[in-house]
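upload-v4.cif (mmCIF, C-alpha atoms) appears below.
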data_query
loop_
_atom_site.label_atom_id
_atom_site.label_comp_id
_atom_site.auth_asym_id
_atom_site.auth_seq_id
_atom_site.Cartn_x
_atom_site.Cartn_y
_atom_site.Cartn_z
CA MET A 15 -17.23 35.27 15.23
CA THR A 16 -18.93 37.48 17.74
CA GLY A 17 -17.16 38.87 20.80
CA GLN A 18 -19.29 36.62 23.03
CA GLN A 19 -18.23 33.50 21.09
CA TYR A 20 -14.59 34.56 21.29
CA ARG A 21 -14.78 35.05 25.08
CA GLU A 22 -16.28 31.56 25.51
CA TYR A 23 -13.13 29.90 24.16
CA PRO A 24 -10.62 28.74 26.80
CA GLU A 25 -7.50 30.78 27.50
CA SER A 26 -5.29 27.74 26.86
CA LEU A 27 -5.67 24.27 25.41
CA THR A 28 -3.83 21.15 26.52
CA MET A 29 -2.37 19.22 23.59
CA ARG A 30 -0.38 16.03 23.23
CA GLN A 31 2.36 15.24 20.72
CA VAL A 32 2.81 11.62 19.66
CA SER A 33 5.37 10.06 17.39
CA VAL A 34 3.97 7.87 14.60
CA ASP A 35 6.08 5.10 13.12
CA ALA A 36 5.45 5.07 9.35
CA ARG A 37 8.25 2.78 8.18
CA GLY A 38 5.99 -0.04 6.96
CA SER A 39 3.61 2.27 5.09
CA ASN A 40 5.86 3.32 2.17
CA ASN A 41 5.71 6.93 3.35
CA ARG A 42 8.27 9.61 2.62
CA ALA A 43 9.03 9.97 6.33
CA GLU A 44 9.95 7.08 8.58
CA ARG A 45 8.53 8.88 11.60
CA PHE A 46 6.37 11.92 11.96
CA LYS A 47 4.79 13.75 14.83
CA VAL A 48 1.08 14.43 15.29
CA VAL A 49 -0.24 16.99 17.73
CA THR A 50 -3.67 16.07 19.06
CA THR A 51 -6.23 16.91 21.72
CA ILE A 52 -6.63 13.16 22.48
CA LEU A 53 -5.02 13.10 25.91
CA ASP A 54 -5.79 9.46 26.83
CA ALA A 55 -2.39 7.79 27.28
CA SER A 56 -3.85 4.37 26.43
CA ILE A 57 -4.25 5.53 22.83
CA GLY A 58 -0.81 5.17 21.29
CA GLY A 59 0.92 6.60 18.24
CA GLY A 60 -0.14 3.68 16.03
CA GLN A 61 -3.84 4.28 16.66
CA ILE A 62 -3.46 8.02 16.14
CA GLY A 63 -1.52 7.30 12.93
CA GLU A 64 -4.46 5.21 11.68
CA LEU A 65 -6.85 8.07 12.48
CA TYR A 66 -4.52 10.40 10.57
CA LYS A 67 -4.72 8.11 7.51
CA LYS A 68 -8.53 8.13 7.69
CA ARG A 69 -8.48 11.93 7.86
CA TRP A 70 -6.48 11.92 4.63
CA SER A 71 -9.21 9.82 2.98
CA GLY A 72 -11.76 12.39 4.12
CA GLU A 73 -9.73 15.17 2.54
CA ILE A 74 -9.56 13.24 -0.72
CA ASP A 75 -13.35 12.81 -0.61
CA ILE A 76 -13.85 16.56 -0.16
CA ARG A 77 -11.46 17.24 -3.04
CA SER A 78 -13.41 14.77 -5.21
CA ILE A 79 -16.64 16.61 -4.50
CA LYS A 80 -15.08 20.00 -5.21
CA SER A 81 -12.94 19.30 -8.26
CA THR A 82 -14.23 16.16 -9.97
CA MET A 83 -17.89 17.07 -9.49
CA LYS A 84 -17.23 20.77 -10.23
CA MET A 85 -18.52 22.04 -6.88
CA ASP A 86 -15.56 24.39 -6.46
CA ILE A 87 -17.78 27.29 -7.59
CA LEU A 88 -21.37 27.45 -6.38
CA ARG A 89 -23.63 29.12 -8.91
CA CYS A 90 -26.76 29.96 -6.90
CA LYS A 91 -27.35 33.45 -5.54
CA THR A 92 -29.51 33.08 -2.42
CA PRO A 93 -28.44 31.21 0.74
CA GLU A 94 -31.44 28.87 0.46
CA MET A 95 -30.56 27.90 -3.10
CA VAL A 96 -26.85 27.49 -2.23
CA GLU A 97 -27.90 25.06 0.51
CA LYS A 98 -30.04 23.13 -2.00
CA GLU A 99 -27.16 23.11 -4.48
CA ILE A 100 -24.79 21.66 -1.86
CA TRP A 101 -27.34 18.97 -0.94
CA ALA A 102 -27.76 18.08 -4.62
CA TYR A 103 -23.97 17.65 -4.98
CA LEU A 104 -23.84 15.50 -1.84
CA LEU A 105 -26.73 13.36 -3.11
CA ALA A 106 -24.95 12.81 -6.43
CA TYR A 107 -21.71 12.04 -4.57
CA ASN A 108 -23.41 9.46 -2.35
CA LEU A 109 -25.15 7.84 -5.33
CA LEU A 110 -21.83 7.54 -7.16
CA ARG A 111 -20.14 6.13 -4.05
CA THR A 112 -23.00 3.59 -3.78
CA VAL A 113 -22.39 2.48 -7.38
CA MET A 114 -18.68 2.19 -6.57
CA ALA A 115 -19.43 0.09 -3.46
CA VAL A 116 -21.67 -2.28 -5.44
CA ALA A 117 -19.04 -2.56 -8.19
CA ALA A 118 -16.36 -3.25 -5.58
CA SER A 119 -18.33 -5.99 -3.84
CA GLU A 120 -19.24 -7.72 -7.12
CA ASN A 121 -15.65 -7.64 -8.37
CA ASP A 122 -13.80 -8.46 -5.10
CA VAL A 123 -12.13 -5.06 -4.85
CA GLU A 124 -11.88 -2.64 -1.93
CA PRO A 125 -14.06 0.45 -2.57
CA ARG A 126 -11.12 2.79 -1.85
CA GLU A 127 -9.15 1.12 -4.67
CA ILE A 128 -11.63 2.35 -7.29
CA SER A 129 -10.96 5.71 -8.91
CA PHE A 130 -13.69 8.26 -8.18
CA LYS A 131 -13.09 10.19 -11.39
CA GLY A 132 -12.90 6.99 -13.46
CA ALA A 133 -16.16 5.77 -11.91
CA LYS A 134 -17.85 9.10 -12.69
CA GLN A 135 -16.65 8.94 -16.30
CA ALA A 136 -17.83 5.32 -16.71
CA LEU A 137 -21.23 6.12 -15.21
CA THR A 138 -21.58 9.19 -17.44
CA ALA A 139 -20.69 7.11 -20.52
CA PHE A 140 -23.20 4.36 -19.66
CA ALA A 141 -26.10 6.64 -18.66
CA PRO A 142 -27.46 7.35 -22.18
CA LYS A 143 -27.07 3.68 -23.17
CA LEU A 144 -28.97 2.56 -20.08
CA GLU A 145 -31.70 5.09 -20.70
CA ALA A 146 -32.15 4.09 -24.36
CA ALA A 147 -31.88 0.32 -23.85
CA PRO A 148 -34.97 -1.89 -23.79
CA ARG A 149 -35.89 -3.18 -20.33
CA GLU A 150 -34.66 -6.75 -21.00
CA GLN A 151 -31.14 -5.53 -21.95
CA ARG A 152 -30.62 -3.22 -18.96
CA ALA A 153 -29.42 -5.92 -16.54
CA ALA A 154 -26.55 -6.86 -18.88
CA LEU A 155 -25.67 -3.19 -19.36
CA VAL A 156 -25.66 -2.61 -15.58
CA ASP A 157 -23.28 -5.58 -15.15
CA ALA A 158 -20.99 -4.20 -17.86
CA MET A 159 -21.10 -0.76 -16.22
CA LEU A 160 -20.18 -2.19 -12.80
CA LYS A 161 -17.23 -4.04 -14.37
CA ALA A 162 -16.12 -0.82 -16.07
CA VAL A 163 -16.40 1.08 -12.78
CA ALA A 164 -14.39 -1.57 -10.90
CA TYR A 165 -11.75 -1.58 -13.66
CA GLN A 166 -10.88 2.09 -13.00
CA ARG A 167 -8.33 1.78 -10.18
CA VAL A 168 -6.52 4.34 -8.08
CA GLY A 169 -2.80 4.26 -8.73
CA ASN A 170 -0.24 3.17 -6.15
CA ARG A 171 0.46 6.36 -4.21
CA PRO A 172 2.75 5.55 -1.27
CA GLY A 173 3.82 8.63 0.63
CA ARG A 174 2.38 10.82 -2.08
CA TRP A 175 3.48 14.42 -2.13
CA GLU A 176 2.31 17.07 -4.54
CA PRO A 177 3.49 20.70 -4.78
CA ARG A 178 0.88 23.18 -3.57
CA ALA A 179 0.76 25.38 -6.65
CA LEU A 180 -1.78 26.16 -9.31
CA LYS A 181 -1.21 24.42 -12.61
CA ARG A 182 -3.83 26.29 -14.60
CA ARG A 183 -2.94 29.74 -15.79
CA PRO A 184 -5.49 32.47 -15.22
CA LYS A 185 -7.51 33.51 -18.24
CA PRO A 186 -6.17 36.64 -20.00
CA ARG A 187 -9.20 38.76 -19.18
CA LYS A 188 -9.76 41.65 -16.86
CA ARG A 189 -11.61 41.00 -13.62
CA LEU A 190 -15.02 42.57 -13.28
CA GLY A 191 -14.60 44.85 -10.27
CA GLN A 192 -18.01 46.49 -10.39
CA PRO A 193 -21.62 45.38 -10.81
CA ARG A 194 -22.47 44.17 -14.32
CA ARG A 195 -25.21 46.76 -14.74
CA VAL A 196 -22.61 49.53 -14.14
CA ALA A 197 -20.05 47.93 -16.47
CA LYS A 198 -22.65 47.78 -19.28
CA LEU A 199 -23.21 51.55 -19.25
CA ALA A 200 -22.13 53.37 -22.42
CA HIS A 201 -19.25 55.31 -20.85
CA ASN A 202 -17.66 52.03 -19.61
CA HIS A 203 -17.61 50.22 -22.99
CA VAL A 204 -14.03 51.34 -23.67
CA LYS A 205 -12.79 49.38 -20.62
CA TRP A 206 -14.22 46.06 -21.79
CA TYR A 207 -14.01 46.07 -25.57
#

Would you kindly transcribe this structure into structure tokens?
Amino acid sequence: MTGQQYREYPESLTMRQVSVDARGSNNRAERFKVVTTILDASIGGGQIGELYKKRWSGEIDIRSIKSTMKMDILRCKTPEMVEKEIWAYLLAYNLLRTVMAVAASENDVEPREISFKGAKQALTAFAPKLEAAPREQRAALVDAMLKAVAYQRVGNRPGRWEPRALKRRPKPRKRLGQPRRVAKLAHNHVKWY
């Protein structure tokens, strides 16, 4: 952030704390507090609690894009190509969510009840079959795929809490702390082999 941008921010910010009743939602806490910049007193804790739940869905969507679709590490080098890579991931995400929405509507299920990872796996499994199938058999395969997508459900996760820790162990290799072209020089071979 530039100094000019920093100086444009206000000296103080008025916030509001509301208490949200979560007893009927199978949450860990019966009540919790949310601090917000929504100052309108006509908007109560229940409405803000619903917004908070929707924010959680947004976070799950971002995690799905990053982990399930393997977007946690971008592989392009230039800013223009990184932007294209991000758009390609978002396009694939939206296409998969569209398939999930169609599967949900045809099988009388809420779209949020369908597992994103399960839907991705079902779509990946059906893709070669759909591509190889004759045109007259594709409609039946698409119906079977939509049933398979709708079958993959999200588990019951009331008040879910997960420890914030890494499960995967780091690989037992040294980190490359210099450019590859320098590391490949003859006098550096001892460090890497």

Residues near region 154-170 of chain A, cut-off 9 Å, all atoms listed in the file, skip fewer than 6 positions along chain, as a count of residues only: 26

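The nearest approach to Ser81 (chain A) among the residues A:Glu145, A:Asp122, A:Tyr107, A:Lys67, with only C-alpha atoms taken into account, belongs to A:Tyr107.
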
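Considering the residues A:Val32, A:Ile74, A:Ala102, A:Met15 and counting all atoms listed in the file, Ala55 (chain A) has its shortest atom-to-atom contact with A:Val32.
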
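When CA of Leu180 (chain A) is paired with CA of Trp101 (chain A), their separation reads 27.8 Å.
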
Resolved residues for the PyMOL selection byres ((chain A and resi 79) around 12) as a PyMOL selection string: chain A and resi 72-78+80-88+100-108+110-111+130-131+134

Residue among A:Pro186, A:Gly63, A:Gly58, A:Pro24 lying closest to Arg45 (chain A), counting only C-alpha atoms: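 Residue with the minimum atom-to-atom distance to Arg45 (chain A): A:Gly63.
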
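The space separating CA of Lys47 (chain A) from CA of Val34 (chain A) comes to 5.9 Å.
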
Separation of CA of Ile52 (chain A) from CA of Arg30 (chain A), in Å and rounded to one decimal: 6.9 Å

Nearest-residue call for Leu65 (chain A), choices A:Val48, A:Glu150, A:Gln31, A:Thr92, using only C-alpha atoms: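 Counting only C-alpha atoms, the residue closest to Leu65 (chain A) is A:Val48.
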
For Thr50 (chain A), the nearest of the candidates A:Thr16, A:Lys91, A:Met29, A:His203, counting only C-alpha atoms: A:Met29
